[in-house]
Amino acid sequence: MKNLIDIKDLNVEEIEELIKVAKDIIQNKEKYSHKCDGKKLATLFFEPSTRTRLSFEAAMMDLGGNVLGFSSASSSSTAKGESVADTIRTVGCYVDIIAMRHPKEGAPLVAAEKSVVPIINAGDGGHNHPTQTLTDLLTIKCEKGRLEDLTIGLCGDLKFGRTVHSLITAMSRYKNIKFVLISPDELKIPEYLKEDVLEKNNIEFIETKDIEEYMDKLDILYMTRVQKERFFNEEDYIRLKDYYILNKEKLEKAKKDLCIMHPLPRVNEISIDVDDDPRAAYFRQVEYGKYIRMALILKMLEVK
Amino acid sequence: MNIDSIKNGIVIDHIKAKKGMEIYEALNLQELECSVAIITNAKSKKMGRKDIIKIDKSIDIDLDILGYIDPDITINIVKDDKLIKKFHVTKPEKIVNIVKCQNPRCITSVEKELDQVFILTDKEKQIYRCKYCEGRSFNP
Ligand SMILES: [Zn+2]
């Protein structure tokens with residue numbers, strides 16, 4: 001695998017392999033701490049995303065490698081009007097692998113076409129964010145022990161939430177998956193996802209506005225944030241942002257082994273009284289994110 | 001030029017009625033120095049009404065554009081008054097610099113030197129998507 005631009009670039013076996021390596025890293029951290037000695041990762045963040053950037057940088061450091069890069073377009077040569085292709089060609093002279101985030105959709109693919117070193121898409125606008133999806137898959141595998149036979153509730157912004165779209169696409173490849181799609185009418189999943197992914201693969205799904213209606217059926221509850229930057233209209237954002245807030249009370253009927261996930265950062269979608277509940281997996285999810293990125297860097301650098 | 005016959009050239013037949021002008025423009029036929037005839041609303045047994053374009057010269061035409069705009073078109077190549085080749089166009093797998101991505105969040109909206117590449121992602125529904133942002137092309 002030369003680049004990771006879209007989660008669809010990886011087949012089920014490759015994902016399985018990454019998860020296997022990530023789980024081994026969790027168990028044997030020491031064994032991996034010098035795997036990337038002398039290697040460099042560039043984190044090129046044309047728009048800020050501190051969490052994702054730190055996760056990549058921590059992953060490379062835990063493998064013994066070094067990191068360099070920039071954290072916003074204003075501190076990079078883009079501010080002077082340089083093209084993505086030129087930036088990538090330049091940085092490719094210094095490093096072994098690049099993790100790139102860009103506000104424009106498709107920018108990492110442009111980079112991949114010109115790059116001599118592997119490119120990891122660390123998010124391109126509202127389009128793809130494959131390492132988030134890998135993080136989610138590792139979280140599910142570690143928390144539930146399986147990627148099959150799951151009823152997954154997705155709640156919040158299902159229309160613009162790329163995390164949700166990628167997760168639905170990725171999970172649709174596993175056996176006996178059911179989805180409960182919880183959102184206001186304005187933020188339902190797009191038609192193409194229903195047609196091209198859910199219906200095409202004969203996946204059972206229910207759409208509801210009520211977060212509690214199917215709570216007792218869920219194995220996973222994936223909460224999302226309504227992101228302001230996805231809206232063109234401020235009024236819509238204000239009206240919809242507080243539609244769902246998960247708290248202790250709403251979890252009353254939930255299964256004992258429910259796994260509550262969130263891609264973070266949260267605003268107020270999950271009340272802090274849920275944080276101490278052992279079912280709250282969202283902070284562990286952050287940690288899984290680092291391990292899966294470590295596994296990915298190893299795979300892309302072909303380090304054994 | 002006689003509308004009915006050309007000696008050496010191309011007849012683009014079975015164009016959906018009223019689409020002739022769009023194809024004329026897409027192929028840049030106004031740039032040609034030879035005669036070009038557009039016949040609109042011609043009677044057709046198969047289609048009821050159709051458009052036809054006759055070009056009085058053997059030129060290279062971009063079959064991808066034709067396939068993208070109207071895959072039911074028939075191309076006739078005429079040489080020395082004889083029909084030497086007749087074929088249908090097909091929906092191309094990939095079109096380059098024929099349509100522009102309309103997504104304002106797409107990288108092609110800011111980096112103008114990039115090619116506008118669309119890929120046929122759904123053959124059944126004939127859906128083209130931008131290679132970069134996966135946004136749909138507007139239906140031709
Ligand atoms: Zn595009």
# chains A, B, ... in the order shown; residues from 1 in each chain; ligands from 1
call {"tool": "residues_near_ligand", "arguments": {"ligand": "ligand 1", "cutoff": "7 Å", "atoms": "only C-alpha atoms and all ligand atoms", "output": "number ranges by chain"}}
result
B: 101-103, 106-108, 130-135
call {"tool": "select_by_dssp", "arguments": {"residues": "chain B", "states": "strand (DSSP E)", "output": "count of residues only"}}
result
51
call {"tool": "residues_around", "arguments": {"residues": "A:Tyr282", "least_positions_apart": "5", "cutoff": "9 Å", "atoms": "only C-alpha atoms", "output": "VMD selection string"}}
result
chain A and resid 139 259 to 264 275
call {"tool": "write_last_selection", "arguments": {"atoms": "N, CA, C and O atoms", "output": "mmCIF file, in the first residue's frame"}}
result
data_model
loop_
_atom_site.group_PDB
_atom_site.id
_atom_site.type_symbol
_atom_site.label_atom_id
_atom_site.label_comp_id
_atom_site.auth_asym_id
_atom_site.auth_seq_id
_atom_site.Cartn_x
_atom_site.Cartn_y
_atom_site.Cartn_z
ATOM 1 N N THR A 139 -11.198 0.344 18.086
ATOM 2 C CA THR A 139 -11.942 0.526 19.336
ATOM 3 C C THR A 139 -13.036 -0.533 19.468
ATOM 4 O O THR A 139 -13.169 -1.182 20.511
ATOM 5 N N CYS A 259 -21.073 0.064 24.321
ATOM 6 C CA CYS A 259 -19.815 0.790 24.154
ATOM 7 C C CYS A 259 -20.162 2.172 23.587
ATOM 8 O O CYS A 259 -20.715 2.274 22.492
ATOM 9 N N ILE A 260 -19.866 3.223 24.354
ATOM 10 C CA ILE A 260 -20.211 4.581 23.904
ATOM 11 C C ILE A 260 -18.974 5.228 23.282
ATOM 12 O O ILE A 260 -17.928 5.342 23.923
ATOM 13 N N MET A 261 -19.120 5.624 22.032
ATOM 14 C CA MET A 261 -17.981 6.202 21.306
ATOM 15 C C MET A 261 -18.280 7.626 20.860
ATOM 16 O O MET A 261 -19.426 8.039 20.765
ATOM 17 N N HIS A 262 -17.222 8.369 20.585
ATOM 18 C CA HIS A 262 -17.339 9.741 20.087
ATOM 19 C C HIS A 262 -15.985 10.094 19.464
ATOM 20 O O HIS A 262 -14.949 9.803 20.062
ATOM 21 N N PRO A 263 -15.969 10.702 18.283
ATOM 22 C CA PRO A 263 -14.667 10.981 17.666
ATOM 23 C C PRO A 263 -13.909 12.121 18.363
ATOM 24 O O PRO A 263 -12.717 12.301 18.090
ATOM 25 N N LEU A 264 -14.547 12.847 19.235
ATOM 26 C CA LEU A 264 -13.945 13.974 19.959
ATOM 27 C C LEU A 264 -13.369 15.028 18.994
ATOM 28 O O LEU A 264 -12.970 14.674 17.899
ATOM 29 N N ASP A 275 -19.007 10.360 31.791
ATOM 30 C CA ASP A 275 -17.568 10.064 31.648
ATOM 31 C C ASP A 275 -17.060 8.931 32.546
ATOM 32 O O ASP A 275 -16.190 8.165 32.148
#
call {"tool": "residues_around", "arguments": {"residues": "B:Arg49", "least_positions_apart": "6", "cutoff": "10 Å", "atoms": "only C-alpha atoms", "output": "MDAnalysis selection string"}}
result
chainID B and resid 14:18 40:43
call {"tool": "residues_around", "arguments": {"residues": "stretch 231-233 of chain A", "least_positions_apart": "4", "cutoff": "9 Å", "atoms": "only C-alpha atoms", "output": "PyMOL selection string"}}
result
chain A and resi 160+227+237
call {"tool": "residues_around", "arguments": {"residues": "B:Glu113", "least_positions_apart": "6", "cutoff": "12 Å", "atoms": "only C-alpha atoms", "output": "list in words"}}
result
Ser83, Val84, Ala85 and Val110 of chain A; Asn97 and Ile107 of chain B
call {"tool": "write_last_selection", "arguments": {"atoms": "all heavy atoms", "output": "compact mmCIF listing (two decimals), in the first residue's frame"}}
result
# COMPACT_ATOMS: atom_id res chain seq x y z
N SER A 83 1.38 25.61 -4.54
CA SER A 83 0.42 24.53 -4.76
C SER A 83 0.72 23.36 -3.83
O SER A 83 1.84 23.21 -3.34
CB SER A 83 0.48 24.06 -6.21
OG SER A 83 1.69 23.39 -6.45
N VAL A 84 -0.30 22.53 -3.62
CA VAL A 84 -0.14 21.33 -2.81
C VAL A 84 0.98 20.46 -3.38
O VAL A 84 1.84 19.96 -2.66
CB VAL A 84 -1.47 20.53 -2.79
CG1 VAL A 84 -1.25 19.13 -2.24
CG2 VAL A 84 -2.51 21.26 -1.95
N ALA A 85 0.98 20.33 -4.72
CA ALA A 85 1.96 19.46 -5.37
C ALA A 85 3.39 19.92 -5.07
O ALA A 85 4.26 19.10 -4.74
CB ALA A 85 1.71 19.44 -6.87
N VAL A 110 -4.37 14.67 -4.65
CA VAL A 110 -3.46 15.48 -5.47
C VAL A 110 -2.03 15.28 -4.99
O VAL A 110 -1.11 15.05 -5.78
CB VAL A 110 -3.84 16.98 -5.39
CG1 VAL A 110 -2.80 17.85 -6.09
CG2 VAL A 110 -5.22 17.22 -6.00
N ASN B 97 -11.27 17.15 -18.39
CA ASN B 97 -11.48 18.53 -18.83
C ASN B 97 -12.68 18.71 -19.76
O ASN B 97 -12.65 19.47 -20.71
CB ASN B 97 -10.22 19.09 -19.47
CG ASN B 97 -9.08 19.19 -18.47
OD1 ASN B 97 -9.33 19.38 -17.28
ND2 ASN B 97 -7.86 19.03 -18.93
N ILE B 107 -10.70 20.58 -4.09
CA ILE B 107 -9.36 21.13 -4.33
C ILE B 107 -9.25 21.76 -5.73
O ILE B 107 -8.55 22.74 -5.93
CB ILE B 107 -8.26 20.05 -4.09
CG1 ILE B 107 -6.85 20.62 -4.21
CG2 ILE B 107 -8.41 18.84 -5.00
CD1 ILE B 107 -6.45 21.60 -3.15
call {"tool": "select_by_dssp", "arguments": {"residues": "stretch 1-114 of chain B", "states": "helix (DSSP H, G or I)", "output": "ChimeraX atom specification"}}
result
/B:20-26,29-31,63-69,107-109
call {"tool": "write_last_selection", "arguments": {"atoms": "N, CA and C atoms", "output": "short mmCIF file (atom, residue, chain, number, x, y, z; two decimals), in the first residue's frame"}}
result
data_model
loop_
_atom_site.label_atom_id
_atom_site.label_comp_id
_atom_site.auth_asym_id
_atom_site.auth_seq_id
_atom_site.Cartn_x
_atom_site.Cartn_y
_atom_site.Cartn_z
N GLY B 20 -28.41 18.91 -30.42
CA GLY B 20 -27.43 19.13 -31.49
C GLY B 20 -26.52 20.31 -31.23
N MET B 21 -27.13 21.40 -30.80
CA MET B 21 -26.36 22.62 -30.59
C MET B 21 -25.34 22.44 -29.45
N GLU B 22 -25.77 21.72 -28.42
CA GLU B 22 -24.88 21.48 -27.28
C GLU B 22 -23.64 20.69 -27.73
N ILE B 23 -23.87 19.73 -28.58
CA ILE B 23 -22.76 18.93 -29.09
C ILE B 23 -21.88 19.74 -30.03
N TYR B 24 -22.50 20.56 -30.84
CA TYR B 24 -21.77 21.47 -31.73
C TYR B 24 -20.79 22.31 -30.92
N GLU B 25 -21.30 22.83 -29.81
CA GLU B 25 -20.44 23.68 -28.96
C GLU B 25 -19.39 22.87 -28.21
N ALA B 26 -19.81 21.72 -27.68
CA ALA B 26 -18.86 20.90 -26.91
C ALA B 26 -17.69 20.43 -27.78
N LEU B 29 -17.14 22.93 -32.90
CA LEU B 29 -17.24 22.84 -34.36
C LEU B 29 -17.26 24.22 -35.01
N GLN B 30 -17.55 25.25 -34.22
CA GLN B 30 -17.53 26.60 -34.79
C GLN B 30 -16.13 27.02 -35.23
N GLU B 31 -15.12 26.29 -34.72
CA GLU B 31 -13.74 26.61 -35.09
C GLU B 31 -13.35 26.05 -36.46
N LEU B 63 -14.59 11.40 -28.99
CA LEU B 63 -15.70 10.48 -28.77
C LEU B 63 -16.13 10.45 -27.30
N ASP B 64 -15.19 10.77 -26.39
CA ASP B 64 -15.53 10.80 -24.98
C ASP B 64 -16.58 11.86 -24.67
N ILE B 65 -16.43 13.02 -25.33
CA ILE B 65 -17.42 14.08 -25.11
C ILE B 65 -18.79 13.61 -25.58
N LEU B 66 -18.79 13.00 -26.76
CA LEU B 66 -20.07 12.53 -27.30
C LEU B 66 -20.69 11.47 -26.39
N GLY B 67 -19.89 10.53 -25.97
CA GLY B 67 -20.37 9.46 -25.11
C GLY B 67 -20.91 10.00 -23.80
N TYR B 68 -20.25 11.01 -23.29
CA TYR B 68 -20.68 11.60 -22.03
C TYR B 68 -22.01 12.34 -22.20
N ILE B 69 -22.12 13.13 -23.27
CA ILE B 69 -23.34 13.93 -23.45
C ILE B 69 -24.53 13.07 -23.88
N ILE B 107 -10.70 20.58 -4.09
CA ILE B 107 -9.36 21.13 -4.33
C ILE B 107 -9.25 21.76 -5.73
N THR B 108 -10.01 21.22 -6.69
CA THR B 108 -9.93 21.78 -8.05
C THR B 108 -10.51 23.20 -8.12
N SER B 109 -11.29 23.58 -7.09
CA SER B 109 -11.85 24.93 -7.10
C SER B 109 -10.79 25.98 -6.76
#
call {"tool": "closest_residue", "arguments": {"among": "A:Ile19, A:Glu229, A:Ala58, A:Leu147", "to": "chain B", "atoms": "only C-alpha atoms"}}
result
A:Glu229
call {"tool": "atom_distance", "arguments": {"atom1": "atom CA of A:Ile206", "atom2": "atom CA of A:Leu218"}}
result
12.0 Å
call {"tool": "closest_atom_pairs", "arguments": {"of": "chain A", "to": "chain B", "cutoff": "9 Å", "atoms": "only C-alpha atoms", "output": "JSON lines"}}
result
{"residue": "A:Ser83", "atom": "CA", "partner": "B:Glu111", "partner_atom": "CA", "distance": 7.0}
{"residue": "A:Val84", "atom": "CA", "partner": "B:Glu111", "partner_atom": "CA", "distance": 8.4}
{"residue": "A:Pro103", "atom": "CA", "partner": "B:Arg105", "partner_atom": "CA", "distance": 7.7}
{"residue": "A:Lys104", "atom": "CA", "partner": "B:Ile107", "partner_atom": "CA", "distance": 4.9}
{"residue": "A:Glu105", "atom": "CA", "partner": "B:Cys106", "partner_atom": "CA", "distance": 4.6}
{"residue": "A:Gly106", "atom": "CA", "partner": "B:Tyr132", "partner_atom": "CA", "distance": 4.1}
{"residue": "A:Ala107", "atom": "CA", "partner": "B:Ile107", "partner_atom": "CA", "distance": 5.4}
{"residue": "A:Pro108", "atom": "CA", "partner": "B:Tyr132", "partner_atom": "CA", "distance": 8.7}
{"residue": "A:Leu109", "atom": "CA", "partner": "B:Tyr132", "partner_atom": "CA", "distance": 6.5}
{"residue": "A:Val110", "atom": "CA", "partner": "B:Tyr132", "partner_atom": "CA", "distance": 7.5}
{"residue": "A:Gly125", "atom": "CA", "partner": "B:Arg105", "partner_atom": "CA", "distance": 7.4}
{"residue": "A:Gly126", "atom": "CA", "partner": "B:Arg105", "partner_atom": "CA", "distance": 8.6}
{"residue": "A:His127", "atom": "CA", "partner": "B:Cys133", "partner_atom": "CA", "distance": 6.9}
call {"tool": "write_last_selection", "arguments": {"atoms": "C-alpha atoms", "output": "compact mmCIF listing (two decimals), in the first residue's frame"}}
result
# COMPACT_ATOMS: atom_id res chain seq x y z
CA SER A 83 0.42 24.53 -4.76
CA VAL A 84 -0.14 21.33 -2.81
CA PRO A 103 -9.54 21.94 4.15
CA LYS A 104 -10.19 21.15 0.47
CA GLU A 105 -11.66 17.82 -0.54
CA GLY A 106 -9.35 15.69 -2.63
CA ALA A 107 -6.15 17.59 -1.74
CA PRO A 108 -4.44 14.45 -0.32
CA LEU A 109 -5.11 12.63 -3.57
CA VAL A 110 -3.46 15.48 -5.47
CA GLY A 125 -12.59 18.84 4.62
CA GLY A 126 -15.84 16.97 5.04
CA HIS A 127 -14.67 14.20 2.74
call {"tool": "residues_around", "arguments": {"residues": "stretch 88-98 of chain A", "least_positions_apart": "4", "cutoff": "9 Å", "atoms": "only C-alpha atoms", "output": "list in words"}}
result
Lys39, Lys40, Leu41, Ala42, Thr43, Leu44, Val67, Leu68, Gly69, Ser83, Val84, Ala111, Ala112, Lys114, Ser115, Val116, Val117, Pro118, Ile119, Ile120, Asn121, Ile297, Met300 and Leu301 of chain A
call {"tool": "closest_residue", "arguments": {"among": "B:Arg129, B:Leu27, B:Asp13, B:Ile52", "to": "B:Asp72", "atoms": "only C-alpha atoms"}}
result
B:Asp13
call {"tool": "closest_residue", "arguments": {"among": "A:Leu158, A:Ile220, A:Ala295, A:Ala281", "to": "A:Glu191", "atoms": "only C-alpha atoms"}}
result
A:Leu158
call {"tool": "closest_residue", "arguments": {"among": "B:Leu83, B:Val96, B:Ile61, B:Ile38", "to": "B:Val117", "atoms": "only C-alpha atoms"}}
result
B:Val96
call {"tool": "closest_residue", "arguments": {"among": "A:Leu154, A:Leu240, A:Ala254, A:Met100", "to": "A:Phe205", "atoms": "only C-alpha atoms"}}
result
A:Leu154
